[in-house]
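Asks: For reference, this is query39.pdb, and it has PDB, C-alpha atoms and all ligand atoms.
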```pdb
ATOM      1  CA  MET A   1     -25.220 -36.987  15.701  1.00  0.00           C
ATOM      2  CA  PHE A   2     -22.303 -36.302  13.381  1.00  0.00           C
ATOM      3  CA  VAL A   3     -20.950 -32.864  12.693  1.00  0.00           C
ATOM      4  CA  TYR A   4     -18.983 -32.649   9.503  1.00  0.00           C
ATOM      5  CA  CYS A   5     -16.344 -30.006   9.077  1.00  0.00           C
ATOM      6  CA  VAL A   6     -14.655 -30.611   5.786  1.00  0.00           C
ATOM      7  CA  GLY A   7     -11.681 -28.755   4.410  1.00  0.00           C
ATOM      8  CA  LEU A   8     -12.158 -25.496   6.271  1.00  0.00           C
ATOM      9  CA  VAL A   9      -9.587 -26.108   8.958  1.00  0.00           C
ATOM     10  CA  MET A  10      -6.800 -27.090   6.603  1.00  0.00           C
ATOM     11  CA  SER A  11      -5.631 -23.637   5.611  1.00  0.00           C
ATOM     12  CA  ASN A  12      -4.855 -20.525   7.617  1.00  0.00           C
ATOM     13  CA  ARG A  13      -6.709 -18.622   4.908  1.00  0.00           C
ATOM     14  CA  VAL A  14     -10.357 -19.286   5.677  1.00  0.00           C
ATOM     15  CA  GLY A  15     -12.566 -16.754   3.914  1.00  0.00           C
ATOM     16  CA  ASN A  16     -11.521 -13.128   3.521  1.00  0.00           C
ATOM     17  CA  VAL A  17     -10.828 -12.130   7.085  1.00  0.00           C
ATOM     18  CA  PRO A  18      -7.392 -12.755   8.613  1.00  0.00           C
ATOM     19  CA  PRO A  19      -7.161 -14.046  12.197  1.00  0.00           C
ATOM     20  CA  HIS A  20      -8.292 -11.687  14.978  1.00  0.00           C
ATOM     21  CA  GLN A  21      -9.543  -9.018  12.570  1.00  0.00           C
ATOM     22  CA  LYS A  22     -13.060  -7.531  12.835  1.00  0.00           C
ATOM     23  CA  VAL A  23     -14.858  -6.453   9.683  1.00  0.00           C
ATOM     24  CA  THR A  24     -16.024  -2.847   9.705  1.00  0.00           C
ATOM     25  CA  GLY A  25     -18.577  -1.289   7.370  1.00  0.00           C
ATOM     26  CA  LYS A  26     -17.076   2.125   8.002  1.00  0.00           C
ATOM     27  CA  PHE A  27     -13.672   3.219   6.844  1.00  0.00           C
ATOM     28  CA  PRO A  28     -11.707   4.508   9.837  1.00  0.00           C
ATOM     29  CA  VAL A  29      -9.143   7.231   9.198  1.00  0.00           C
ATOM     30  CA  LEU A  30      -5.781   6.543  10.787  1.00  0.00           C
ATOM     31  CA  HIS A  31      -2.486   8.367  10.464  1.00  0.00           C
ATOM     32  CA  ILE A  32       0.155  10.323  12.290  1.00  0.00           C
ATOM     33  CA  GLY A  33       0.488  14.035  11.660  1.00  0.00           C
ATOM     34  CA  SER A  34      -1.951  16.163   9.709  1.00  0.00           C
ATOM     35  CA  VAL A  35      -3.572  15.760   6.305  1.00  0.00           C
ATOM     36  CA  PRO A  36      -1.322  17.544   3.798  1.00  0.00           C
ATOM     37  CA  LYS A  37      -2.742  20.240   1.565  1.00  0.00           C
ATOM     38  CA  PHE A  38      -2.834  19.237  -2.088  1.00  0.00           C
ATOM     39  CA  ASP A  39      -1.754  21.740  -4.723  1.00  0.00           C
ATOM     40  CA  PRO A  40      -2.216  20.171  -8.187  1.00  0.00           C
ATOM     41  CA  GLY A  41       0.060  22.831  -9.672  1.00  0.00           C
ATOM     42  CA  SER A  42       3.156  21.976  -7.640  1.00  0.00           C
ATOM     43  CA  TRP A  43       2.538  18.307  -6.742  1.00  0.00           C
ATOM     44  CA  ASN A  44       4.892  15.847  -8.397  1.00  0.00           C
ATOM     45  CA  PHE A  45       5.696  12.170  -8.303  1.00  0.00           C
ATOM     46  CA  ILE A  46       9.309  11.035  -8.351  1.00  0.00           C
ATOM     47  CA  VAL A  47      10.838   7.627  -9.034  1.00  0.00           C
ATOM     48  CA  GLU A  48      14.548   7.404  -8.194  1.00  0.00           C
ATOM     49  CA  GLY A  49      17.334   5.085  -7.088  1.00  0.00           C
ATOM     50  CA  LEU A  50      18.527   1.903  -8.793  1.00  0.00           C
ATOM     51  CA  ILE A  51      16.659   2.321 -12.086  1.00  0.00           C
ATOM     52  CA  GLU A  52      17.479   2.997 -15.732  1.00  0.00           C
ATOM     53  CA  ASN A  53      14.925   5.764 -16.153  1.00  0.00           C
ATOM     54  CA  GLU A  54      14.374   8.393 -13.481  1.00  0.00           C
ATOM     55  CA  ILE A  55      10.785   9.596 -13.534  1.00  0.00           C
ATOM     56  CA  ARG A  56       9.298  12.912 -12.501  1.00  0.00           C
ATOM     57  CA  LEU A  57       5.643  13.486 -13.271  1.00  0.00           C
ATOM     58  CA  THR A  58       3.211  16.320 -12.650  1.00  0.00           C
ATOM     59  CA  TYR A  59      -0.242  15.464 -11.358  1.00  0.00           C
ATOM     60  CA  ALA A  60      -1.709  15.822 -14.871  1.00  0.00           C
ATOM     61  CA  GLU A  61       0.980  13.514 -16.267  1.00  0.00           C
ATOM     62  CA  PHE A  62       0.356  10.923 -13.547  1.00  0.00           C
ATOM     63  CA  LEU A  63      -3.324  10.812 -14.507  1.00  0.00           C
ATOM     64  CA  GLU A  64      -2.312  10.006 -18.104  1.00  0.00           C
ATOM     65  CA  LEU A  65      -0.548   6.766 -17.113  1.00  0.00           C
ATOM     66  CA  PRO A  66      -2.384   3.532 -17.975  1.00  0.00           C
ATOM     67  CA  LYS A  67      -4.964   2.973 -15.267  1.00  0.00           C
ATOM     68  CA  THR A  68      -6.504  -0.076 -13.658  1.00  0.00           C
ATOM     69  CA  VAL A  69      -9.336  -0.836 -11.248  1.00  0.00           C
ATOM     70  CA  THR A  70      -8.740  -3.352  -8.457  1.00  0.00           C
ATOM     71  CA  LYS A  71     -10.974  -4.711  -5.718  1.00  0.00           C
ATOM     72  CA  SER A  72      -9.281  -5.734  -2.498  1.00  0.00           C
ATOM     73  CA  ASP A  73      -9.519  -6.003   1.267  1.00  0.00           C
ATOM     74  CA  PHE A  74      -7.746  -3.712   3.714  1.00  0.00           C
ATOM     75  CA  HIS A  75      -6.439  -4.924   7.076  1.00  0.00           C
ATOM     76  CA  CYS A  76      -5.237  -2.542   9.793  1.00  0.00           C
ATOM     77  CA  VAL A  77      -2.813  -3.992  12.330  1.00  0.00           C
ATOM     78  CA  GLU A  78      -5.013  -2.592  15.101  1.00  0.00           C
ATOM     79  CA  GLY A  79      -7.651  -5.180  14.230  1.00  0.00           C
ATOM     80  CA  TRP A  80     -10.132  -3.846  11.687  1.00  0.00           C
ATOM     81  CA  THR A  81     -10.692  -5.031   8.143  1.00  0.00           C
ATOM     82  CA  ARG A  82     -12.611  -3.299   5.361  1.00  0.00           C
ATOM     83  CA  LEU A  83     -13.637  -5.653   2.569  1.00  0.00           C
ATOM     84  CA  ASP A  84     -14.118  -5.059  -1.155  1.00  0.00           C
ATOM     85  CA  ASN A  85     -12.545  -1.657  -1.619  1.00  0.00           C
ATOM     86  CA  VAL A  86     -12.558  -0.568  -5.248  1.00  0.00           C
ATOM     87  CA  TRP A  87      -9.363   1.310  -6.045  1.00  0.00           C
ATOM     88  CA  GLU A  88      -8.550   3.042  -9.305  1.00  0.00           C
ATOM     89  CA  GLY A  89      -5.088   4.190 -10.249  1.00  0.00           C
ATOM     90  CA  VAL A  90      -1.813   2.924 -11.660  1.00  0.00           C
ATOM     91  CA  LEU A  91      -0.455  -0.525 -10.855  1.00  0.00           C
ATOM     92  CA  PHE A  92       2.951  -0.410  -9.196  1.00  0.00           C
ATOM     93  CA  ARG A  93       4.188  -2.788 -11.900  1.00  0.00           C
ATOM     94  CA  THR A  94       3.384  -0.145 -14.528  1.00  0.00           C
ATOM     95  CA  ILE A  95       5.712   2.263 -12.704  1.00  0.00           C
ATOM     96  CA  ALA A  96       8.380  -0.441 -12.454  1.00  0.00           C
ATOM     97  CA  ASP A  97       8.070  -1.173 -16.201  1.00  0.00           C
ATOM     98  CA  LEU A  98       8.664   2.497 -16.986  1.00  0.00           C
ATOM     99  CA  ALA A  99      11.519   2.923 -14.497  1.00  0.00           C
ATOM    100  CA  LYS A 100      13.316  -0.325 -15.412  1.00  0.00           C
ATOM    101  CA  PRO A 101      14.902  -1.391 -12.106  1.00  0.00           C
ATOM    102  CA  LEU A 102      18.554  -2.459 -12.265  1.00  0.00           C
ATOM    103  CA  THR A 103      19.246  -6.085 -11.388  1.00  0.00           C
ATOM    104  CA  HIS A 104      20.500  -5.213  -7.889  1.00  0.00           C
ATOM    105  CA  ALA A 105      17.316  -3.244  -7.036  1.00  0.00           C
ATOM    106  CA  LYS A 106      15.655  -5.548  -4.516  1.00  0.00           C
ATOM    107  CA  TYR A 107      13.597  -3.190  -2.311  1.00  0.00           C
ATOM    108  CA  VAL A 108      11.500  -0.080  -2.661  1.00  0.00           C
ATOM    109  CA  THR A 109      11.127   2.744  -0.154  1.00  0.00           C
ATOM    110  CA  VAL A 110       7.842   4.593  -0.435  1.00  0.00           C
ATOM    111  CA  VAL A 111       8.094   8.206   0.704  1.00  0.00           C
ATOM    112  CA  ALA A 112       5.002  10.144   1.693  1.00  0.00           C
ATOM    113  CA  GLU A 113       4.345  13.782   2.416  1.00  0.00           C
ATOM    114  CA  GLY A 114       5.620  14.617   5.907  1.00  0.00           C
ATOM    115  CA  ASN A 115       7.839  12.042   7.593  1.00  0.00           C
ATOM    116  CA  TYR A 116       6.049   8.810   6.756  1.00  0.00           C
ATOM    117  CA  THR A 117       7.868   6.063   4.887  1.00  0.00           C
ATOM    118  CA  THR A 118       7.453   2.368   4.416  1.00  0.00           C
ATOM    119  CA  SER A 119       9.358  -0.184   2.368  1.00  0.00           C
ATOM    120  CA  LEU A 120       8.788  -3.523   0.711  1.00  0.00           C
ATOM    121  CA  PRO A 121      10.605  -6.106  -1.349  1.00  0.00           C
ATOM    122  CA  LEU A 122      10.217  -5.141  -5.014  1.00  0.00           C
ATOM    123  CA  GLN A 123       8.797  -8.597  -5.681  1.00  0.00           C
ATOM    124  CA  ASP A 124       5.818  -7.961  -3.363  1.00  0.00           C
ATOM    125  CA  LEU A 125       5.008  -4.710  -5.135  1.00  0.00           C
ATOM    126  CA  LEU A 126       4.814  -6.404  -8.526  1.00  0.00           C
ATOM    127  CA  ASP A 127       1.662  -8.340  -7.501  1.00  0.00           C
ATOM    128  CA  GLU A 128      -1.324  -7.508  -9.681  1.00  0.00           C
ATOM    129  CA  ASP A 129      -3.281  -6.025  -6.749  1.00  0.00           C
ATOM    130  CA  VAL A 130      -0.684  -3.424  -5.722  1.00  0.00           C
ATOM    131  CA  ILE A 131      -1.850  -0.035  -6.893  1.00  0.00           C
ATOM    132  CA  LEU A 132      -1.037   3.662  -6.580  1.00  0.00           C
ATOM    133  CA  ALA A 133      -4.630   4.779  -6.201  1.00  0.00           C
ATOM    134  CA  TYR A 134      -6.279   8.134  -6.835  1.00  0.00           C
ATOM    135  CA  ARG A 135      -9.904   6.962  -6.700  1.00  0.00           C
ATOM    136  CA  LEU A 136     -11.810   4.866  -4.146  1.00  0.00           C
ATOM    137  CA  ASP A 137     -15.279   3.356  -4.599  1.00  0.00           C
ATOM    138  CA  GLY A 138     -16.010   5.454  -7.663  1.00  0.00           C
ATOM    139  CA  LYS A 139     -15.004   8.825  -6.222  1.00  0.00           C
ATOM    140  CA  SER A 140     -11.755  10.724  -6.101  1.00  0.00           C
ATOM    141  CA  LEU A 141      -9.693   9.555  -3.134  1.00  0.00           C
ATOM    142  CA  PRO A 142     -10.599  11.721  -0.113  1.00  0.00           C
ATOM    143  CA  PRO A 143      -7.639  13.659   1.370  1.00  0.00           C
ATOM    144  CA  ASP A 144      -7.963  11.901   4.734  1.00  0.00           C
ATOM    145  CA  HIS A 145      -7.689   8.488   3.021  1.00  0.00           C
ATOM    146  CA  GLY A 146      -4.516   9.559   1.234  1.00  0.00           C
ATOM    147  CA  GLY A 147      -5.670  11.714  -1.652  1.00  0.00           C
ATOM    148  CA  PRO A 148      -4.379  12.681  -4.109  1.00  0.00           C
ATOM    149  CA  LEU A 149      -2.339   9.449  -4.225  1.00  0.00           C
ATOM    150  CA  ARG A 150      -1.805   6.476  -1.958  1.00  0.00           C
ATOM    151  CA  LEU A 151      -0.233   3.079  -2.216  1.00  0.00           C
ATOM    152  CA  VAL A 152      -2.427   0.019  -1.592  1.00  0.00           C
ATOM    153  CA  VAL A 153      -0.750  -3.302  -0.713  1.00  0.00           C
ATOM    154  CA  PRO A 154      -3.675  -5.597   0.130  1.00  0.00           C
ATOM    155  CA  LYS A 155      -1.577  -8.592   1.217  1.00  0.00           C
ATOM    156  CA  LYS A 156       0.102  -6.615   4.018  1.00  0.00           C
ATOM    157  CA  TYR A 157      -1.142  -4.808   7.124  1.00  0.00           C
ATOM    158  CA  ALA A 158      -2.209  -1.335   6.110  1.00  0.00           C
ATOM    159  CA  TYR A 159       0.785   0.548   7.496  1.00  0.00           C
ATOM    160  CA  LYS A 160       2.479  -0.611   4.280  1.00  0.00           C
ATOM    161  CA  SER A 161      -0.243   1.234   2.315  1.00  0.00           C
ATOM    162  CA  ALA A 162       1.253   4.721   2.559  1.00  0.00           C
ATOM    163  CA  LYS A 163      -1.036   7.690   2.061  1.00  0.00           C
ATOM    164  CA  TRP A 164       0.038  10.919   0.253  1.00  0.00           C
ATOM    165  CA  VAL A 165       2.812   9.215  -1.703  1.00  0.00           C
ATOM    166  CA  ARG A 166       5.241  11.549  -3.492  1.00  0.00           C
ATOM    167  CA  LYS A 167       8.281   9.394  -4.163  1.00  0.00           C
ATOM    168  CA  VAL A 168       9.430   5.812  -4.609  1.00  0.00           C
ATOM    169  CA  ARG A 169      13.075   4.831  -4.349  1.00  0.00           C
ATOM    170  CA  PHE A 170      14.543   1.544  -5.561  1.00  0.00           C
ATOM    171  CA  THR A 171      17.315   0.266  -3.280  1.00  0.00           C
ATOM    172  CA  GLU A 172      19.594  -2.719  -2.844  1.00  0.00           C
ATOM    173  CA  LYS A 173      19.183  -2.948   0.951  1.00  0.00           C
ATOM    174  CA  GLN A 174      15.896  -2.373   2.705  1.00  0.00           C
ATOM    175  CA  GLU A 175      15.416   1.005   4.418  1.00  0.00           C
ATOM    176  CA  LEU A 176      13.081   0.413   7.386  1.00  0.00           C
ATOM    177  CA  GLY A 177       9.892   2.454   7.384  1.00  0.00           C
ATOM    178  CA  TYR A 178       8.325   4.674  10.038  1.00  0.00           C
ATOM    179  CA  TRP A 179       6.376   1.981  11.925  1.00  0.00           C
ATOM    180  CA  GLU A 180       8.828  -0.770  11.097  1.00  0.00           C
ATOM    181  CA  LYS A 181      11.513   1.206  13.002  1.00  0.00           C
ATOM    182  CA  ARG A 182       9.114   1.456  15.936  1.00  0.00           C
ATOM    183  CA  GLY A 183       8.472  -2.227  16.565  1.00  0.00           C
ATOM    184  CA  TYR A 184       5.947  -3.186  13.913  1.00  0.00           C
ATOM    185  CA  SER A 185       6.665  -6.191  11.748  1.00  0.00           C
ATOM    186  CA  ASN A 186       8.625  -5.554   8.592  1.00  0.00           C
ATOM    187  CA  THR A 187       6.942  -8.458   6.805  1.00  0.00           C
ATOM    188  CA  ALA A 188       3.414  -7.525   8.025  1.00  0.00           C
ATOM    189  CA  ASP A 189       1.509 -10.549   6.699  1.00  0.00           C
ATOM    190  CA  PRO A 190      -2.013 -10.414   8.184  1.00  0.00           C
ATOM    191  CA  TRP A 191      -2.644 -14.115   7.435  1.00  0.00           C
ATOM    192  CA  LYS A 192       0.328 -15.013   9.653  1.00  0.00           C
ATOM    193  CA  GLU A 193      -0.512 -12.263  12.151  1.00  0.00           C
ATOM    194  CA  GLU A 194       2.887 -10.638  11.755  1.00  0.00           C
ATOM    195  CA  ARG A 195       1.997  -7.546  13.788  1.00  0.00           C
ATOM    196  CA  TYR A 196       5.103  -6.805  15.853  1.00  0.00           C
ATOM    197  CA  SER A 197       8.771  -7.543  15.404  1.00  0.00           C
TER     198      SER A 197
HETATM  199  N1  LIG B 201       1.374   8.834   5.086  1.00  0.00           N
HETATM  200  C1  LIG B 201       0.818   7.944   5.939  1.00  0.00           C
HETATM  201  N2  LIG B 201       0.297   6.822   5.442  1.00  0.00           N
HETATM  202  C2  LIG B 201      -0.268   5.910   6.275  1.00  0.00           C
HETATM  203  C3  LIG B 201      -0.288   6.110   7.678  1.00  0.00           C
HETATM  204  C4  LIG B 201       0.295   7.309   8.169  1.00  0.00           C
HETATM  205  O1  LIG B 201       0.340   7.559   9.387  1.00  0.00           O
HETATM  206  N3  LIG B 201       0.830   8.210   7.270  1.00  0.00           N
HETATM  207  N4  LIG B 201      -0.870   5.155   8.502  1.00  0.00           N
HETATM  208  C5  LIG B 201      -1.036   3.799   7.963  1.00  0.00           C
HETATM  209  C6  LIG B 201      -1.936   2.980   8.746  1.00  0.00           C
HETATM  210  S1  LIG B 201      -1.352   2.365  10.214  1.00  0.00           S
HETATM  211  C7  LIG B 201      -3.185   2.621   8.297  1.00  0.00           C
HETATM  212  S2  LIG B 201      -4.196   1.557   9.157  1.00  0.00           S
HETATM  213  C8  LIG B 201      -3.724   3.161   7.038  1.00  0.00           C
HETATM  214  C9  LIG B 201      -5.061   3.785   7.284  1.00  0.00           C
HETATM  215  O2  LIG B 201      -5.623   4.233   6.082  1.00  0.00           O
HETATM  216  P1  LIG B 201      -7.018   4.969   6.109  1.00  0.00           P
HETATM  217  O3  LIG B 201      -6.857   6.180   7.016  1.00  0.00           O
HETATM  218  O4  LIG B 201      -7.328   5.326   4.709  1.00  0.00           O
HETATM  219  O5  LIG B 201      -7.997   4.008   6.707  1.00  0.00           O
HETATM  220  O6  LIG B 201      -2.871   4.138   6.461  1.00  0.00           O
HETATM  221  C10 LIG B 201      -1.510   3.810   6.508  1.00  0.00           C
HETATM  222  N5  LIG B 201      -0.795   4.780   5.731  1.00  0.00           N
HETATM  223 MO    MO B 202      -2.952   0.734  10.825  1.00  0.00          MO
END
```
Take the structure from the file and write it as structure tokens.

Replies:
Amino acid sequence: MFVYCVGLVMSNRVGNVPPHQKVTGKFPVLHIGSVPKFDPGSWNFIVEGLIENEIRLTYAEFLELPKTVTKSDFHCVEGWTRLDNVWEGVLFRTIADLAKPLTHAKYVTVVAEGNYTTSLPLQDLLDEDVILAYRLDGKSLPPDHGGPLRLVVPKKYAYKSAKWVRKVRFTEKQELGYWEKRGYSNTADPWKEERYS
């Protein structure tokens, strides 16, 4: 008897699920600290650092930015994956287009409510699936999943997808994020299983 196995073993990207991840139908809630209270009257979104145009938007103004819907998978470094999440919000590249990064802006620090930060090469954030999301699966983004606004970076482990984002800062050198300072991989590619540094 012959068993044919054609093509499937050639790539480390077989299907939608990265190595050693388990698909969950639920959506676990995972974060440090407590869920911040959202006040639409005082909330703002700030873009600063190595850019031509500093940006400061109220919540109402953020909702007026051009919006997009994406569908992507979400991989937590602890081993669960949630497939086919439908996010609605503003692509990071829309923010970058408005802010006009200077040529020496190479990284972006994402600052959330509380102490949480993460950072990424600007290039990674310009992918067409990277979104600042305020809706999930057709409903407004629940506070425990990062509402009113979270970053979603599908190609990285989910600690790069900061919840409760309030500020993004363009920098020349990379500022290590909360988990990245504590031993988690700074590159965080789930397909290469870059979990720890
Ligand atoms: N502000 C903030 N964002 C965060 C975290 C956090 O602790 N604080 N945890 C990260 C981690 S490790 C994961 S797995 C995802 C979990 O998102 P979820 O709770 O919506 O599933 O949020 C990420 N974003
Ligand atoms: Mo995570």

Asks: Mind running segment 22-124 of chain A against segment 158-169 of chain A at 7 Å and telling me each contacting residue's nearest atom pair with the distance in Å (one decimal), counting only C-alpha atoms, chain and number ascending, as CSV?

Replies:
```
residue,atom,partner,partner_atom,distance
A:Asn44,CA,A:Arg166,CA,6.5
A:Phe45,CA,A:Arg166,CA,4.9
A:Ile46,CA,A:Lys167,CA,4.6
A:Val47,CA,A:Val168,CA,5.0
A:Glu48,CA,A:Arg169,CA,4.9
A:Gly49,CA,A:Arg169,CA,5.1
A:Phe74,CA,A:Ala158,CA,6.5
A:His75,CA,A:Ala158,CA,5.6
A:Cys76,CA,A:Ala158,CA,4.9
A:Val77,CA,A:Ala158,CA,6.8
A:Val108,CA,A:Arg169,CA,5.4
A:Thr109,CA,A:Arg169,CA,5.1
A:Val110,CA,A:Val168,CA,4.6
A:Val111,CA,A:Lys167,CA,5.0
A:Ala112,CA,A:Val165,CA,4.1
A:Glu113,CA,A:Trp164,CA,5.6
A:Thr118,CA,A:Lys160,CA,5.8
```

Asks: Using all atoms listed in the file for the distances, tell me which of A:Asn16, A:Thr171, A:Ser119, A:Thr70 is nearest to Thr187 of chain A.

Replies: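 Using all atoms listed in the file, Thr187 of chain A sits closest to A:Ser119.
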
Asks: Taking into account all atoms listed in the file, which residue in the set A:Glu194, A:Leu50, A:Leu98, A:Ala133 is nearest to His145 of chain A?

Replies: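 Of A:Glu194, A:Leu50, A:Leu98, A:Ala133, the one nearest His145 of chain A is A:Ala133, counting all atoms listed in the file.
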
Asks: Between A:Pro40, A:Asp189, A:Trp80, A:Pro143, single out the one closest to Leu57 of chain A, counting all atoms listed in the file.

Replies: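 Closest candidate: A:Pro40.
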
Asks: Run the PyMOL selection byres (((chain A and resi 127-132) around 9) and not hetatm) mentally over the shown coordinates, then write out the matched residues as a ChimeraX atom specification, using the chain letters and numbers from the document.

Replies: /A:68-72,87-93,123-126,133-134,149-155,165

Asks: Any idea what's packed within 12 Å of Lys37 of chain A, counting only C-alpha atoms, ignoring anything in its chain fewer than 3 positions away? Could you give it as number ranges by chain?

Replies: A: 34, 40-43, 113-114, 142-144, 146-148, 164

Asks: Could you check the closest approach to ligand LIG 201 (chain B) for each of A:Val23, A:Val29, A:Leu63, A:Leu122 and tell me which residue wins, using only C-alpha atoms and all ligand atoms?

Replies: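 Of A:Val23, A:Val29, A:Leu63, A:Leu122, the one nearest ligand LIG 201 (chain B) is A:Val29, counting only C-alpha atoms and all ligand atoms.
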
Asks: Using all atoms listed in the file, which protein or nucleic acid residues come within 9 Å of Val17 of chain A? Drop anything in the same chain fewer than 4 positions from it, and give the result as a PDB file with C-alpha atoms, in the coordinates of the input.

Replies:
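Resulting contents of around05.pdb:
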```
ATOM      1  CA  ARG A  13      -6.709 -18.622   4.908  1.00  0.00           C
ATOM      2  CA  GLN A  21      -9.543  -9.018  12.570  1.00  0.00           C
ATOM      3  CA  LYS A  22     -13.060  -7.531  12.835  1.00  0.00           C
ATOM      4  CA  VAL A  23     -14.858  -6.453   9.683  1.00  0.00           C
ATOM      5  CA  ASP A  73      -9.519  -6.003   1.267  1.00  0.00           C
ATOM      6  CA  HIS A  75      -6.439  -4.924   7.076  1.00  0.00           C
ATOM      7  CA  THR A  81     -10.692  -5.031   8.143  1.00  0.00           C
ATOM      8  CA  LEU A  83     -13.637  -5.653   2.569  1.00  0.00           C
ATOM      9  CA  TRP A 191      -2.644 -14.115   7.435  1.00  0.00           C
TER      10      TRP A 191
END
```

Asks: Can you turn the PyMOL selection byres (((chain A and resi 179) around 9) and not hetatm) into a concrete residue list for this file, as a PyMOL selection string?

Replies: chain A and resi 116-118+159-160+176-178+180-186

Asks: Measure the distance from atom CA of Pro18 of chain A to atom CA of Ile32 of chain A in Å and round it to one decimal.

Replies: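 Rounded to one decimal, the two atoms are 24.6 Å apart.
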
Asks: So the first atom is atom CA of Pro190 of chain A and the second is atom CA of Lys173 of chain A; what is the distance between them in Å, to one decimal place?

Replies: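 A separation of 23.6 Å between them.
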
Asks: Quick one, how far is atom CA of Val35 of chain A from atom CA of Arg135 of chain A?

Replies: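 Pair atom CA of Val35 of chain A / atom CA of Arg135 of chain A returns 16.9 Å.
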
Asks: Looking at only C-alpha atoms and all ligand atoms, which of A:Glu64, A:Glu193, A:Asp84, A:Glu78 is the one that sits closest to ligand LIG 201 (chain B)?

Replies: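 Among the listed residues, A:Glu78 lies closest to ligand LIG 201 (chain B).
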
Asks: For ligand LIG 201 (chain B), which residue out of A:Lys67, A:Thr103, A:Leu120, A:Arg82 is the nearest one, using all atoms listed in the file?

Replies: A:Arg82

Asks: Carefully work through the PyMOL selection byres (((chain A and resi 102) around 8) and not hetatm) for this structure and note down the residues it includes, as a list in words.

Replies: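 Checking the PyMOL selection byres (((chain A and resi 102) around 8) and not hetatm) against this file, the residues are Leu50, Ile51, Glu52, Lys100, Pro101, Thr103, His104 and Ala105 of chain A.
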
Asks: Is it possible to add N, CA and C atoms to segment 15-27 of chain A and hand it back as a short mmCIF file (atom, residue, chain, number, x, y, z; two decimals), keeping the file's coordinate frame?

Replies:
```
data_model
loop_
_atom_site.label_atom_id
_atom_site.label_comp_id
_atom_site.auth_asym_id
_atom_site.auth_seq_id
_atom_site.Cartn_x
_atom_site.Cartn_y
_atom_site.Cartn_z
N GLY A 15 -11.79 -17.95 4.24
CA GLY A 15 -12.57 -16.75 3.91
C GLY A 15 -11.67 -15.56 3.68
N ASN A 16 -12.22 -14.37 3.87
CA ASN A 16 -11.52 -13.13 3.52
C ASN A 16 -10.93 -12.41 4.71
N VAL A 17 -11.20 -12.91 5.91
CA VAL A 17 -10.83 -12.13 7.08
C VAL A 17 -9.69 -12.81 7.84
N PRO A 18 -8.54 -12.16 7.91
CA PRO A 18 -7.39 -12.76 8.61
C PRO A 18 -7.70 -12.92 10.10
N PRO A 19 -6.91 -13.76 10.78
CA PRO A 19 -7.16 -14.05 12.20
C PRO A 19 -7.19 -12.78 13.06
N HIS A 20 -8.16 -12.76 13.98
CA HIS A 20 -8.29 -11.69 14.98
C HIS A 20 -8.53 -10.31 14.37
N GLN A 21 -9.13 -10.29 13.17
CA GLN A 21 -9.54 -9.02 12.57
C GLN A 21 -11.06 -8.93 12.63
N LYS A 22 -11.61 -7.75 12.82
CA LYS A 22 -13.06 -7.53 12.84
C LYS A 22 -13.44 -6.70 11.62
N VAL A 23 -14.44 -7.19 10.88
CA VAL A 23 -14.86 -6.45 9.68
C VAL A 23 -15.63 -5.21 10.09
N THR A 24 -15.28 -4.08 9.47
CA THR A 24 -16.02 -2.85 9.70
C THR A 24 -16.69 -2.39 8.41
N GLY A 25 -17.89 -1.85 8.54
CA GLY A 25 -18.58 -1.29 7.37
C GLY A 25 -18.14 0.14 7.14
N LYS A 26 -17.58 0.75 8.15
CA LYS A 26 -17.08 2.12 8.00
C LYS A 26 -15.67 2.05 7.44
N PHE A 27 -15.08 3.19 7.22
CA PHE A 27 -13.67 3.22 6.84
C PHE A 27 -12.96 4.18 7.80
#
```
